[in-house]
>>> print(open('target_31.cif').read())   # mmCIF, C-alpha atoms and all ligand atoms
data_my_file
#
loop_
_atom_site.label_atom_id
_atom_site.label_comp_id
_atom_site.auth_asym_id
_atom_site.auth_seq_id
_atom_site.Cartn_x
_atom_site.Cartn_y
_atom_site.Cartn_z
CA MET A 1 5.37 -53.57 -9.13
CA LYS A 2 4.46 -50.79 -6.74
CA HIS A 3 2.40 -47.68 -7.29
CA PHE A 4 2.19 -44.59 -5.08
CA LEU A 5 -1.53 -44.08 -4.58
CA ASP A 6 -2.16 -43.86 -0.84
CA LEU A 7 0.08 -43.66 2.25
CA ALA A 8 -1.99 -46.53 3.63
CA ASP A 9 -0.58 -48.87 0.93
CA TRP A 10 2.99 -48.50 2.20
CA THR A 11 4.62 -49.61 5.42
CA ALA A 12 5.73 -47.02 7.95
CA ALA A 13 9.32 -48.24 7.44
CA ASP A 14 9.08 -47.64 3.67
CA LEU A 15 7.65 -44.16 4.21
CA GLN A 16 10.44 -43.35 6.66
CA TYR A 17 12.93 -44.61 4.09
CA LEU A 18 11.40 -42.26 1.50
CA LEU A 19 11.64 -39.31 3.90
CA ASP A 20 15.29 -40.07 4.69
CA SER A 21 16.00 -40.46 1.00
CA ALA A 22 14.30 -37.09 0.32
CA VAL A 23 16.58 -35.44 2.91
CA THR A 24 19.63 -36.91 1.17
CA LEU A 25 18.46 -35.94 -2.32
CA LYS A 26 17.67 -32.40 -1.14
CA ASP A 27 21.10 -32.01 0.39
CA GLU A 28 22.78 -33.44 -2.69
CA HIS A 29 20.77 -31.13 -4.96
CA ARG A 30 21.78 -28.10 -2.92
CA ARG A 31 25.43 -29.10 -2.92
CA GLY A 32 25.65 -29.15 -6.71
CA GLY A 33 23.18 -31.64 -8.10
CA ASN A 34 21.88 -35.17 -8.02
CA PRO A 35 23.48 -38.02 -9.96
CA PRO A 36 21.53 -39.17 -13.03
CA LEU A 37 19.72 -41.95 -11.19
CA LEU A 38 16.84 -41.97 -13.71
CA LYS A 39 18.84 -41.30 -16.86
CA GLY A 40 16.64 -41.64 -19.93
CA LYS A 41 13.48 -42.47 -17.94
CA ALA A 42 10.23 -40.74 -18.89
CA LEU A 43 7.25 -39.70 -16.79
CA ALA A 44 3.84 -38.91 -18.31
CA MET A 45 1.86 -36.38 -16.26
CA VAL A 46 -1.88 -36.61 -16.79
CA PHE A 47 -3.95 -33.74 -15.39
CA GLN A 48 -7.74 -33.42 -15.15
CA LYS A 49 -7.39 -30.35 -12.89
CA PRO A 50 -5.10 -27.27 -12.78
CA SER A 51 -1.73 -27.37 -11.01
CA LEU A 52 1.36 -25.30 -10.31
CA ARG A 53 3.30 -27.20 -7.65
CA THR A 54 2.56 -30.77 -8.68
CA ARG A 55 3.28 -30.23 -12.34
CA VAL A 56 6.47 -28.20 -11.95
CA SER A 57 7.94 -30.17 -9.04
CA PHE A 58 7.50 -33.51 -10.82
CA GLU A 59 8.95 -32.10 -14.03
CA MET A 60 11.99 -30.63 -12.25
CA ALA A 61 12.47 -33.74 -10.11
CA MET A 62 12.76 -35.88 -13.24
CA GLN A 63 15.15 -33.39 -14.87
CA HIS A 64 17.42 -33.29 -11.79
CA VAL A 65 18.01 -37.04 -12.00
CA GLY A 66 18.53 -37.19 -15.76
CA GLY A 67 14.96 -38.10 -16.69
CA TYR A 68 12.22 -36.47 -18.67
CA ALA A 69 8.61 -35.54 -17.92
CA PHE A 70 5.81 -34.21 -20.09
CA TYR A 71 2.40 -32.73 -19.39
CA LEU A 72 -0.86 -34.02 -20.82
CA SER A 73 -3.77 -31.62 -20.42
CA PRO A 74 -7.41 -32.61 -19.77
CA GLN A 75 -8.23 -31.64 -23.37
CA GLU A 76 -5.63 -34.01 -24.78
CA ILE A 77 -6.42 -37.07 -22.73
CA GLY A 78 -10.16 -36.95 -21.99
CA LEU A 79 -9.70 -39.58 -19.27
CA GLY A 80 -12.73 -41.88 -19.30
CA LYS A 81 -14.40 -39.74 -21.96
CA ARG A 82 -12.37 -39.79 -25.17
CA GLU A 83 -10.84 -43.10 -24.20
CA SER A 84 -11.19 -45.58 -21.34
CA THR A 85 -8.83 -45.32 -18.38
CA ALA A 86 -7.74 -48.91 -18.95
CA ASP A 87 -6.77 -48.21 -22.57
CA ILE A 88 -4.94 -44.99 -21.65
CA ALA A 89 -2.95 -46.84 -18.97
CA ARG A 90 -1.87 -49.58 -21.37
CA VAL A 91 -1.03 -47.21 -24.23
CA LEU A 92 0.99 -44.80 -22.06
CA GLY A 93 2.71 -47.75 -20.39
CA GLY A 94 4.14 -48.69 -23.79
CA TYR A 95 5.84 -45.31 -24.12
CA VAL A 96 6.94 -44.21 -20.64
CA ASP A 97 8.42 -45.56 -17.42
CA ALA A 98 5.84 -44.10 -15.02
CA ILE A 99 2.54 -42.23 -15.04
CA MET A 100 1.59 -39.47 -12.62
CA ALA A 101 -2.09 -38.50 -12.71
CA ARG A 102 -4.36 -35.92 -11.09
CA THR A 103 -8.00 -36.93 -11.37
CA PHE A 104 -11.39 -36.05 -9.94
CA ASP A 105 -12.69 -39.56 -9.29
CA HIS A 106 -10.37 -41.65 -7.11
CA GLN A 107 -11.52 -44.74 -9.00
CA HIS A 108 -9.74 -43.37 -12.08
CA ILE A 109 -6.34 -43.52 -10.37
CA LEU A 110 -7.12 -47.02 -9.10
CA ASP A 111 -8.09 -48.06 -12.63
CA LEU A 112 -4.93 -46.55 -14.10
CA ALA A 113 -2.87 -48.52 -11.57
CA ARG A 114 -4.81 -51.69 -12.22
CA TRP A 115 -4.11 -51.61 -15.95
CA SER A 116 -0.77 -49.82 -16.19
CA PRO A 117 2.34 -51.91 -16.86
CA VAL A 118 4.41 -49.12 -15.24
CA PRO A 119 4.17 -47.46 -11.78
CA VAL A 120 1.36 -44.97 -11.27
CA ILE A 121 1.69 -42.00 -8.90
CA ASN A 122 -1.32 -40.19 -7.46
CA GLY A 123 -0.95 -36.43 -7.99
CA LEU A 124 -4.27 -35.71 -6.15
CA THR A 125 -7.78 -37.07 -6.46
CA ASP A 126 -11.02 -35.97 -4.80
CA TYR A 127 -10.21 -38.52 -2.08
CA ASN A 128 -6.54 -37.95 -1.24
CA HIS A 129 -3.21 -36.24 -2.00
CA PRO A 130 -0.40 -38.55 -0.86
CA CYS A 131 2.53 -36.73 -2.52
CA GLN A 132 1.46 -33.56 -0.72
CA ALA A 133 1.41 -35.42 2.60
CA MET A 134 4.95 -36.72 1.99
CA ALA A 135 6.18 -33.15 1.48
CA ASP A 136 4.28 -32.08 4.60
CA LEU A 137 5.76 -34.90 6.69
CA LEU A 138 9.21 -34.04 5.35
CA THR A 139 8.72 -30.41 6.42
CA ILE A 140 7.60 -31.45 9.92
CA TYR A 141 10.44 -33.98 10.19
CA GLU A 142 13.02 -31.34 9.23
CA GLU A 143 11.58 -28.92 11.76
CA PHE A 144 11.30 -31.23 14.76
CA GLY A 145 13.67 -34.10 13.88
CA ARG A 146 10.87 -36.63 14.48
CA LEU A 147 7.23 -37.29 13.73
CA GLU A 148 6.09 -39.70 16.42
CA GLY A 149 4.17 -38.07 19.24
CA LEU A 150 3.83 -34.68 17.55
CA HIS A 151 0.43 -32.98 17.55
CA LEU A 152 -0.90 -32.01 14.12
CA ALA A 153 -4.04 -29.87 14.07
CA TYR A 154 -5.96 -29.61 10.82
CA ILE A 155 -8.46 -26.74 10.67
CA GLY A 156 -11.09 -26.18 7.99
CA ASP A 157 -12.62 -28.42 5.34
CA SER A 158 -11.77 -32.11 5.78
CA ASN A 159 -10.79 -32.85 2.20
CA ASN A 160 -8.34 -34.87 0.11
CA VAL A 161 -5.37 -33.28 1.89
CA THR A 162 -6.87 -34.17 5.28
CA THR A 163 -7.29 -37.81 4.25
CA SER A 164 -3.61 -38.17 3.38
CA LEU A 165 -2.50 -36.33 6.52
CA LEU A 166 -4.65 -38.71 8.53
CA MET A 167 -2.94 -41.73 6.95
CA GLY A 168 0.46 -40.11 7.53
CA ALA A 169 -0.36 -39.40 11.18
CA ALA A 170 -1.50 -43.01 11.55
CA GLN A 171 1.67 -44.39 9.99
CA PHE A 172 3.99 -42.28 12.14
CA GLY A 173 2.18 -42.41 15.48
CA MET A 174 1.24 -38.74 15.55
CA LYS A 175 -1.61 -37.10 17.41
CA MET A 176 -4.09 -35.46 15.05
CA THR A 177 -6.96 -33.15 15.91
CA ILE A 178 -9.35 -32.05 13.21
CA GLY A 179 -11.45 -28.92 13.62
CA SER A 180 -14.14 -28.88 10.92
CA PRO A 181 -17.80 -27.89 10.87
CA GLU A 182 -20.36 -30.66 10.95
CA GLY A 183 -20.94 -32.01 7.46
CA PHE A 184 -17.33 -31.21 6.51
CA GLN A 185 -15.57 -33.65 8.84
CA PRO A 186 -13.66 -36.74 7.64
CA LYS A 187 -15.74 -39.65 6.40
CA PRO A 188 -16.06 -42.46 8.98
CA ALA A 189 -14.43 -44.87 6.49
CA ALA A 190 -11.27 -42.72 6.28
CA LEU A 191 -11.09 -42.45 10.08
CA GLU A 192 -11.57 -46.19 10.45
CA LYS A 193 -8.89 -46.91 7.84
CA ALA A 194 -6.45 -44.64 9.68
CA ARG A 195 -7.25 -46.27 13.03
CA GLN A 196 -6.63 -49.75 11.61
CA LEU A 197 -3.41 -48.61 9.99
CA ALA A 198 -2.13 -47.16 13.26
CA ARG A 199 -2.85 -50.33 15.25
CA GLY A 200 -3.77 -48.35 18.32
CA ARG A 201 -1.01 -45.74 17.88
CA LEU A 202 -3.25 -43.04 16.34
CA ASP A 203 -4.60 -40.49 18.75
CA VAL A 204 -7.23 -38.72 16.63
CA ALA A 205 -10.04 -36.39 17.66
CA VAL A 206 -12.59 -34.65 15.46
CA THR A 207 -14.42 -31.58 16.71
CA ASP A 208 -16.39 -28.64 15.33
CA ASP A 209 -14.50 -26.36 17.73
CA PRO A 210 -11.40 -24.92 16.00
CA LEU A 211 -9.99 -23.61 19.28
CA ALA A 212 -10.18 -27.03 20.94
CA ALA A 213 -8.53 -28.60 17.87
CA VAL A 214 -5.63 -26.14 17.74
CA THR A 215 -4.85 -25.98 21.46
CA GLY A 216 -1.29 -27.10 22.17
CA ALA A 217 -0.62 -28.19 18.57
CA ASP A 218 2.93 -28.45 17.22
CA VAL A 219 1.73 -28.06 13.64
CA VAL A 220 -1.31 -26.10 12.45
CA TYR A 221 -2.47 -27.00 8.96
CA THR A 222 -5.21 -25.55 6.78
CA ASP A 223 -6.35 -25.75 3.19
CA THR A 224 -8.90 -24.08 0.93
CA TRP A 225 -12.57 -24.16 1.92
CA THR A 226 -13.51 -24.99 -1.67
CA SER A 227 -11.50 -27.66 -3.45
CA MET A 228 -11.18 -28.05 -7.20
CA GLY A 229 -14.46 -29.42 -8.51
CA GLN A 230 -16.56 -27.83 -5.71
CA GLU A 231 -16.66 -24.33 -7.21
CA ALA A 232 -20.50 -24.32 -7.36
CA GLU A 233 -20.53 -24.54 -3.51
CA ALA A 234 -18.05 -21.70 -2.98
CA GLU A 235 -20.59 -19.11 -1.79
CA GLN A 236 -22.26 -21.51 0.63
CA ARG A 237 -18.86 -22.57 2.00
CA ARG A 238 -17.73 -18.96 2.44
CA ALA A 239 -20.68 -18.48 4.77
CA ILE A 240 -19.89 -21.58 6.89
CA PHE A 241 -16.12 -21.56 7.32
CA PRO A 242 -15.06 -18.12 8.68
CA PRO A 243 -14.82 -19.38 12.31
CA TYR A 244 -12.20 -21.85 11.01
CA GLN A 245 -9.86 -19.19 9.62
CA VAL A 246 -6.25 -19.69 10.73
CA ASN A 247 -5.43 -16.21 12.00
CA GLU A 248 -3.15 -14.86 14.73
CA ALA A 249 -5.87 -15.19 17.40
CA LEU A 250 -6.43 -18.88 16.67
CA LEU A 251 -2.72 -19.58 16.27
CA SER A 252 -2.00 -18.09 19.71
CA HIS A 253 -3.64 -21.21 21.23
CA ALA A 254 -1.17 -23.58 19.55
CA ALA A 255 2.21 -24.38 21.15
CA GLU A 256 4.57 -21.42 21.15
CA HIS A 257 6.94 -23.30 18.83
CA ALA A 258 4.11 -24.32 16.44
CA ILE A 259 4.62 -24.10 12.70
CA VAL A 260 1.91 -23.39 10.14
CA LEU A 261 1.45 -25.39 6.95
CA HIS A 262 -0.83 -25.00 3.93
CA CYS A 263 -0.58 -27.11 0.79
CA LEU A 264 -1.34 -24.05 -1.39
CA PRO A 265 -2.88 -22.48 -3.38
CA ALA A 266 -4.00 -20.27 -0.47
CA HIS A 267 -7.05 -18.05 -0.48
CA ARG A 268 -5.60 -15.33 1.68
CA GLY A 269 -8.18 -13.65 3.85
CA GLU A 270 -10.31 -16.81 3.81
CA GLU A 271 -8.78 -19.94 5.37
CA ILE A 272 -5.55 -18.13 6.29
CA THR A 273 -4.61 -14.50 6.90
CA ASP A 274 -1.61 -12.74 5.37
CA GLU A 275 -0.21 -12.20 8.88
CA VAL A 276 -0.07 -15.95 9.48
CA ALA A 277 0.88 -17.02 5.94
CA ASP A 278 3.80 -14.55 5.92
CA GLY A 279 4.50 -14.64 9.65
CA PRO A 280 7.41 -16.18 11.57
CA GLN A 281 5.60 -19.47 12.18
CA SER A 282 4.77 -20.02 8.52
CA ARG A 283 6.61 -22.79 6.67
CA LEU A 284 4.44 -22.52 3.56
CA PHE A 285 7.23 -22.00 1.06
CA PRO A 286 9.75 -24.55 2.40
CA GLN A 287 6.78 -26.92 2.41
CA ALA A 288 6.03 -26.15 -1.25
CA GLU A 289 9.71 -26.64 -2.12
CA ASN A 290 9.64 -29.99 -0.36
CA ARG A 291 7.22 -31.30 -2.97
CA LEU A 292 10.26 -31.44 -5.25
CA HIS A 293 12.44 -33.41 -2.85
CA ALA A 294 9.76 -35.77 -1.54
CA GLN A 295 8.59 -36.66 -5.04
CA LYS A 296 12.13 -37.12 -6.28
CA ALA A 297 12.57 -39.74 -3.56
CA ILE A 298 9.35 -41.46 -4.65
CA LEU A 299 10.41 -41.44 -8.32
CA VAL A 300 13.89 -42.76 -7.58
CA HIS A 301 12.45 -45.46 -5.35
CA LEU A 302 9.84 -46.54 -7.90
CA LEU A 303 12.00 -46.25 -11.03
CA GLY A 304 15.62 -46.46 -9.95
CA ALA A 305 17.83 -49.50 -10.36
CA GLY A 306 16.45 -52.29 -8.18
CA GLY A 307 13.57 -49.98 -7.20
CA ALA A 308 10.07 -50.90 -6.19
CA ALA A 309 9.03 -51.30 -9.84
CA ASP A 310 10.96 -54.57 -9.77
CA ASP A 311 9.34 -55.78 -6.54
CA GLU A 312 7.65 -59.14 -6.65
CA ASP A 313 5.28 -57.85 -4.00
CA ASP A 314 2.36 -56.56 -6.12
CA GLN A 315 -0.11 -54.25 -4.39
CA THR A 316 -2.80 -56.84 -4.79
CA GLU A 317 -5.78 -54.79 -3.65
CA GLN A 318 -5.08 -52.36 -6.48
CA THR A 319 -4.24 -54.92 -9.11
CA GLU A 320 -6.11 -58.01 -7.98
CA LYS A 321 -7.96 -58.70 -11.21
CA LYS A 322 -4.96 -58.13 -13.42
CA PRO A 323 -3.17 -61.27 -14.59
CA LYS A 324 0.40 -61.61 -13.39
CA LYS A 325 3.11 -60.71 -15.89
CA LYS A 326 4.26 -63.71 -17.90
CA GLY A 327 7.37 -65.30 -16.49
CA LYS A 328 7.18 -63.51 -13.12
CA LYS A 329 6.11 -66.61 -11.22
CA ASP A 330 8.90 -68.69 -12.75
CA LYS A 331 11.45 -66.08 -11.67
CA LYS A 332 10.09 -66.14 -8.14
CA ASP A 333 10.08 -69.95 -8.04
CA LYS A 334 13.69 -70.07 -9.22
CA LYS A 335 14.74 -67.80 -6.37
CA LYS A 336 13.41 -70.19 -3.75
N1 LIG B 1 -0.47 -28.28 -3.46
C1 LIG B 1 -0.69 -28.60 -4.75
O1 LIG B 1 -0.91 -29.77 -5.09
O2 LIG B 1 -0.61 -27.56 -5.61
P1 LIG B 1 -1.01 -27.57 -7.15
O3 LIG B 1 -2.50 -27.77 -7.22
O4 LIG B 1 -0.58 -26.24 -7.68
O5 LIG B 1 -0.30 -28.71 -7.82
N1 LIG B 2 -7.95 -29.50 -1.44
C1 LIG B 2 -7.38 -28.78 -2.56
C2 LIG B 2 -5.93 -29.09 -2.67
C3 LIG B 2 -5.21 -28.37 -3.77
C4 LIG B 2 -3.78 -28.77 -3.86
C5 LIG B 2 -8.09 -29.16 -3.84
O1 LIG B 2 -8.39 -30.35 -4.03
O2 LIG B 2 -8.40 -28.27 -4.63
#
>>> encode(input="target_31.cif", output="structure tokens")
Amino acid sequence: MKHFLDLADWTAADLQYLLDSAVTLKDEHRRGGNPPLLKGKALAMVFQKPSLRTRVSFEMAMQHVGGYAFYLSPQEIGLGKRESTADIARVLGGYVDAIMARTFDHQHILDLARWSPVPVINGLTDYNHPCQAMADLLTIYEEFGRLEGLHLAYIGDSNNVTTSLLMGAAQFGMKMTIGSPEGFQPKPAALEKARQLARGRLDVAVTDDPLAAVTGADVVYTDTWTSMGQEAEAEQRRAIFPPYQVNEALLSHAAEHAIVLHCLPAHRGEEITDEVADGPQSRLFPQAENRLHAQKAILVHLLGAGGAADDEDDQTEQTEKKPKKKGKKDKKDKKK
């Protein structure tokens, strides 16, 4: 069984397949609707943090393919507080076909995946945001018709969104420059993981100079200076980050054809100006819409007939201590 926790867990070919499938599903949806590929399937959506895009796009994606999704608020679940993550995973797995969760601690999503009998999808943790990155890659792919060799510049706080973009850039052979102040740059472990994943194909540079990072970029990406859970640092961050604002002056150093992305919610006047967010190079709203299409592809792949949920190829690093399902080995042996 496969989960969707990190772009680094998937092969580049699988990710490309998901992007192509998202393009098809989007087209189909626009031409009158998707077939009921997940008829009767249910998705539980567990949230420890607020959400607009993730919650609504997952819910609509399930509806479009004949499935059903429901929201579980932090108050209801009390992940790791009212009840252990392992127990929640096993209880929910008895009711639904997949679990999507948004947590603070990345370990919580890993624990859910370790114990869940159904696929788990990462809807953002403090460490990464892989579904967002899939929508971002889809938006870039639609714009340029390719990913390999494109220059993605990320400006601002190196956060969960940056981690997933880094893994995406590594998987697709993109060039990535990161312009973040010292102390807010990607963790060496994330950079090392991306480098290993790219097997020499990742051209990544980290600098505290936003102008150097943005120069010649095909895609300019920014996100909030204060992520959910860091609210106590907001004042301190507001004093550090202004040189990293994506405004018209900074954008003028990117390629002329550059597009601007932001995962949203945006703090207009902080990390991005209105002129840029609403300007001709902005793709913020097509990008937000693409959450729907990218996630629908992930859901159909994980839950659809013959999908990854049936794969023999367990993601062992996430599930290594979990005993194999009874009978699975016999089935595999019979095939040989
Ligand atoms: N980009 C994103 O994940 O938005 P939400 O927090 O509204 O889900
Ligand atoms: N980095 C932001 C992303 C929100 C979608 C956060 O974690 O709050």
>>> residues_around(input="target_31.cif", residues="A:Ala89", least_positions_apart="2", cutoff="6 Å", atoms="only C-alpha atoms", output="list in words")
Ala86, Asp87, Val91, Leu92, Gly93, Leu112, Trp115 and Ser116 of chain A
>>> residues_around(input="target_31.cif", residues="stretch 211-215 of chain A", least_positions_apart="5", cutoff="7 Å", atoms="all atoms listed in the file", output="PDB file with C-alpha atoms, in the frame of the given file")
ATOM      1  CA  ALA A 153      -4.040 -29.870  14.070  1.00  0.00           C
ATOM      2  CA  THR A 177      -6.960 -33.150  15.910  1.00  0.00           C
ATOM      3  CA  ILE A 178      -9.350 -32.050  13.210  1.00  0.00           C
ATOM      4  CA  GLY A 179     -11.450 -28.920  13.620  1.00  0.00           C
ATOM      5  CA  VAL A 220      -1.310 -26.100  12.450  1.00  0.00           C
ATOM      6  CA  LEU A 250      -6.430 -18.880  16.670  1.00  0.00           C
ATOM      7  CA  HIS A 253      -3.640 -21.210  21.230  1.00  0.00           C
ATOM      8  CA  ALA A 254      -1.170 -23.580  19.550  1.00  0.00           C
TER       9      ALA A 254
END
>>> atom_distance(input="target_31.cif", atom1="atom CA of A:Cys131", atom2="atom CA of A:Arg291")
7.2 Å
>>> closest_atom_pairs(input="target_31.cif", of="chain A", to="ligand LIG 1 (chain B)", cutoff="8 Å", atoms="only C-alpha atoms and all ligand atoms", output="Markdown table")
| residue | atom | partner | partner_atom | distance |
| --- | --- | --- | --- | --- |
| A:Lys49 | CA | B:LIG1 | O3 | 7.9 |
| A:Pro50 | CA | B:LIG1 | O3 | 6.2 |
| A:Ser51 | CA | B:LIG1 | O4 | 3.7 |
| A:Leu52 | CA | B:LIG1 | O4 | 3.4 |
| A:Arg53 | CA | B:LIG1 | O5 | 3.9 |
| A:Thr54 | CA | B:LIG1 | O5 | 3.6 |
| A:Arg55 | CA | B:LIG1 | O5 | 6.0 |
| A:Val56 | CA | B:LIG1 | O5 | 7.9 |
| A:Gly123 | CA | B:LIG1 | O1 | 7.3 |
| A:Leu124 | CA | B:LIG1 | O1 | 6.9 |
| A:His129 | CA | B:LIG1 | O1 | 7.5 |
| A:Gln132 | CA | B:LIG1 | O1 | 6.3 |
| A:Cys263 | CA | B:LIG1 | N1 | 4.4 |
| A:Leu264 | CA | B:LIG1 | N1 | 4.8 |
| A:Pro265 | CA | B:LIG1 | O2 | 6.0 |
| A:Ala288 | CA | B:LIG1 | N1 | 7.2 |
>>> residues_near_ligand(input="target_31.cif", ligand="ligand LIG 2 (chain B)", cutoff="7 Å", atoms="only C-alpha atoms and all ligand atoms", output="PDB file with C-alpha atoms, in the coordinates of the input")
ATOM      1  CA  ASP A 126     -11.020 -35.970  -4.800  1.00  0.00           C
ATOM      2  CA  ASN A 159     -10.790 -32.850   2.200  1.00  0.00           C
ATOM      3  CA  ASN A 160      -8.340 -34.870   0.110  1.00  0.00           C
ATOM      4  CA  VAL A 161      -5.370 -33.280   1.890  1.00  0.00           C
ATOM      5  CA  ASP A 223      -6.350 -25.750   3.190  1.00  0.00           C
ATOM      6  CA  THR A 224      -8.900 -24.080   0.930  1.00  0.00           C
ATOM      7  CA  THR A 226     -13.510 -24.990  -1.670  1.00  0.00           C
ATOM      8  CA  SER A 227     -11.500 -27.660  -3.450  1.00  0.00           C
ATOM      9  CA  MET A 228     -11.180 -28.050  -7.200  1.00  0.00           C
ATOM     10  CA  CYS A 263      -0.580 -27.110   0.790  1.00  0.00           C
ATOM     11  CA  LEU A 264      -1.340 -24.050  -1.390  1.00  0.00           C
ATOM     12  CA  PRO A 265      -2.880 -22.480  -3.380  1.00  0.00           C
TER      13      PRO A 265
END
>>> residues_around(input="target_31.cif", residues="stretch 27-37 of chain A", least_positions_apart="3", cutoff="7 Å", atoms="all atoms listed in the file", output="PyMOL selection string")
chain A and resi 23-24+64-66+300+304
>>> closest_residue(input="target_31.cif", among="A:Thr139, A:Gln63, A:Gln236, A:Ser57", to="A:Ala42", atoms="only C-alpha atoms")
A:Gln63
>>> residues_around(input="target_31.cif", residues="A:Leu165", least_positions_apart="5", cutoff="9 Å", atoms="only C-alpha atoms", output="list of chain:residue names")
A:Leu7, A:Asn128, A:His129, A:Pro130, A:Gln132, A:Ala133, A:Met134, A:Asp136, A:Leu137, A:Leu152, A:Tyr154, A:Asn160, A:Ala170, A:Met176
>>> closest_residue(input="target_31.cif", among="A:Leu79, A:Ile109, A:Ala217, A:Leu43", to="A:Ala61", atoms="only C-alpha atoms")
A:Leu43
>>> closest_residue(input="target_31.cif", among="A:Ala249, A:Ala190, A:Leu302, A:Met62", to="A:Gly40", atoms="only C-alpha atoms")
A:Met62
>>> residues_around(input="target_31.cif", residues="A:Ala169", least_positions_apart="3", cutoff="10 Å", atoms="all atoms listed in the file", output="ChimeraX atom specification")
/A:7,133,137,147-152,163-166,172-176,194-195,197-198,201-204
>>> closest_residue(input="target_31.cif", among="A:Glu256, A:Glu142, A:Glu270, A:Glu59", to="A:Ala22", atoms="only C-alpha atoms")
A:Glu142
>>> atom_distance(input="target_31.cif", atom1="atom CA of A:Gln16", atom2="atom CA of A:Ala258")
22.3 Å
>>> build_atoms(input="target_31.cif", residues="stretch 137-150 of chain A", atoms="N, CA, C and O atoms", output="PDB file, keeping the file's coordinate frame")
ATOM      1  N   LEU A 137       5.064 -34.125   5.654  1.00  0.00           N
ATOM      2  CA  LEU A 137       5.760 -34.900   6.690  1.00  0.00           C
ATOM      3  C   LEU A 137       7.250 -34.578   6.671  1.00  0.00           C
ATOM      4  O   LEU A 137       7.888 -34.470   7.721  1.00  0.00           O
ATOM      5  N   LEU A 138       7.795 -34.393   5.474  1.00  0.00           N
ATOM      6  CA  LEU A 138       9.210 -34.040   5.350  1.00  0.00           C
ATOM      7  C   LEU A 138       9.471 -32.685   6.039  1.00  0.00           C
ATOM      8  O   LEU A 138      10.460 -32.519   6.770  1.00  0.00           O
ATOM      9  N   THR A 139       8.572 -31.749   5.827  1.00  0.00           N
ATOM     10  CA  THR A 139       8.720 -30.410   6.420  1.00  0.00           C
ATOM     11  C   THR A 139       8.654 -30.490   7.946  1.00  0.00           C
ATOM     12  O   THR A 139       9.446 -29.846   8.648  1.00  0.00           O
ATOM     13  N   ILE A 140       7.750 -31.294   8.458  1.00  0.00           N
ATOM     14  CA  ILE A 140       7.600 -31.450   9.920  1.00  0.00           C
ATOM     15  C   ILE A 140       8.830 -32.170  10.487  1.00  0.00           C
ATOM     16  O   ILE A 140       9.383 -31.795  11.525  1.00  0.00           O
ATOM     17  N   TYR A 141       9.270 -33.187   9.773  1.00  0.00           N
ATOM     18  CA  TYR A 141      10.440 -33.980  10.190  1.00  0.00           C
ATOM     19  C   TYR A 141      11.693 -33.101  10.248  1.00  0.00           C
ATOM     20  O   TYR A 141      12.487 -33.168  11.197  1.00  0.00           O
ATOM     21  N   GLU A 142      11.853 -32.249   9.235  1.00  0.00           N
ATOM     22  CA  GLU A 142      13.020 -31.340   9.230  1.00  0.00           C
ATOM     23  C   GLU A 142      12.952 -30.364  10.394  1.00  0.00           C
ATOM     24  O   GLU A 142      13.971 -30.020  10.988  1.00  0.00           O
ATOM     25  N   GLU A 143      11.749 -29.919  10.713  1.00  0.00           N
ATOM     26  CA  GLU A 143      11.580 -28.920  11.760  1.00  0.00           C
ATOM     27  C   GLU A 143      11.835 -29.497  13.149  1.00  0.00           C
ATOM     28  O   GLU A 143      12.511 -28.895  13.981  1.00  0.00           O
ATOM     29  N   PHE A 144      11.276 -30.686  13.403  1.00  0.00           N
ATOM     30  CA  PHE A 144      11.300 -31.230  14.760  1.00  0.00           C
ATOM     31  C   PHE A 144      12.246 -32.427  14.928  1.00  0.00           C
ATOM     32  O   PHE A 144      12.450 -32.891  16.049  1.00  0.00           O
ATOM     33  N   GLY A 145      12.752 -32.954  13.809  1.00  0.00           N
ATOM     34  CA  GLY A 145      13.670 -34.100  13.880  1.00  0.00           C
ATOM     35  C   GLY A 145      12.961 -35.409  14.178  1.00  0.00           C
ATOM     36  O   GLY A 145      13.613 -36.438  14.409  1.00  0.00           O
ATOM     37  N   ARG A 146      11.661 -35.415  14.225  1.00  0.00           N
ATOM     38  CA  ARG A 146      10.870 -36.630  14.480  1.00  0.00           C
ATOM     39  C   ARG A 146       9.433 -36.359  14.069  1.00  0.00           C
ATOM     40  O   ARG A 146       9.057 -35.199  13.832  1.00  0.00           O
ATOM     41  N   LEU A 147       8.661 -37.433  14.019  1.00  0.00           N
ATOM     42  CA  LEU A 147       7.230 -37.290  13.730  1.00  0.00           C
ATOM     43  C   LEU A 147       6.399 -37.873  14.877  1.00  0.00           C
ATOM     44  O   LEU A 147       5.375 -37.304  15.267  1.00  0.00           O
ATOM     45  N   GLU A 148       6.853 -38.998  15.393  1.00  0.00           N
ATOM     46  CA  GLU A 148       6.090 -39.700  16.420  1.00  0.00           C
ATOM     47  C   GLU A 148       5.809 -38.793  17.621  1.00  0.00           C
ATOM     48  O   GLU A 148       6.695 -38.090  18.112  1.00  0.00           O
ATOM     49  N   GLY A 149       4.561 -38.811  18.037  1.00  0.00           N
ATOM     50  CA  GLY A 149       4.170 -38.070  19.240  1.00  0.00           C
ATOM     51  C   GLY A 149       3.850 -36.603  19.006  1.00  0.00           C
ATOM     52  O   GLY A 149       3.343 -35.939  19.907  1.00  0.00           O
ATOM     53  N   LEU A 150       4.137 -36.100  17.805  1.00  0.00           N
ATOM     54  CA  LEU A 150       3.830 -34.680  17.550  1.00  0.00           C
ATOM     55  C   LEU A 150       2.337 -34.497  17.340  1.00  0.00           C
ATOM     56  O   LEU A 150       1.648 -35.404  16.875  1.00  0.00           O
TER      57      LEU A 150
END
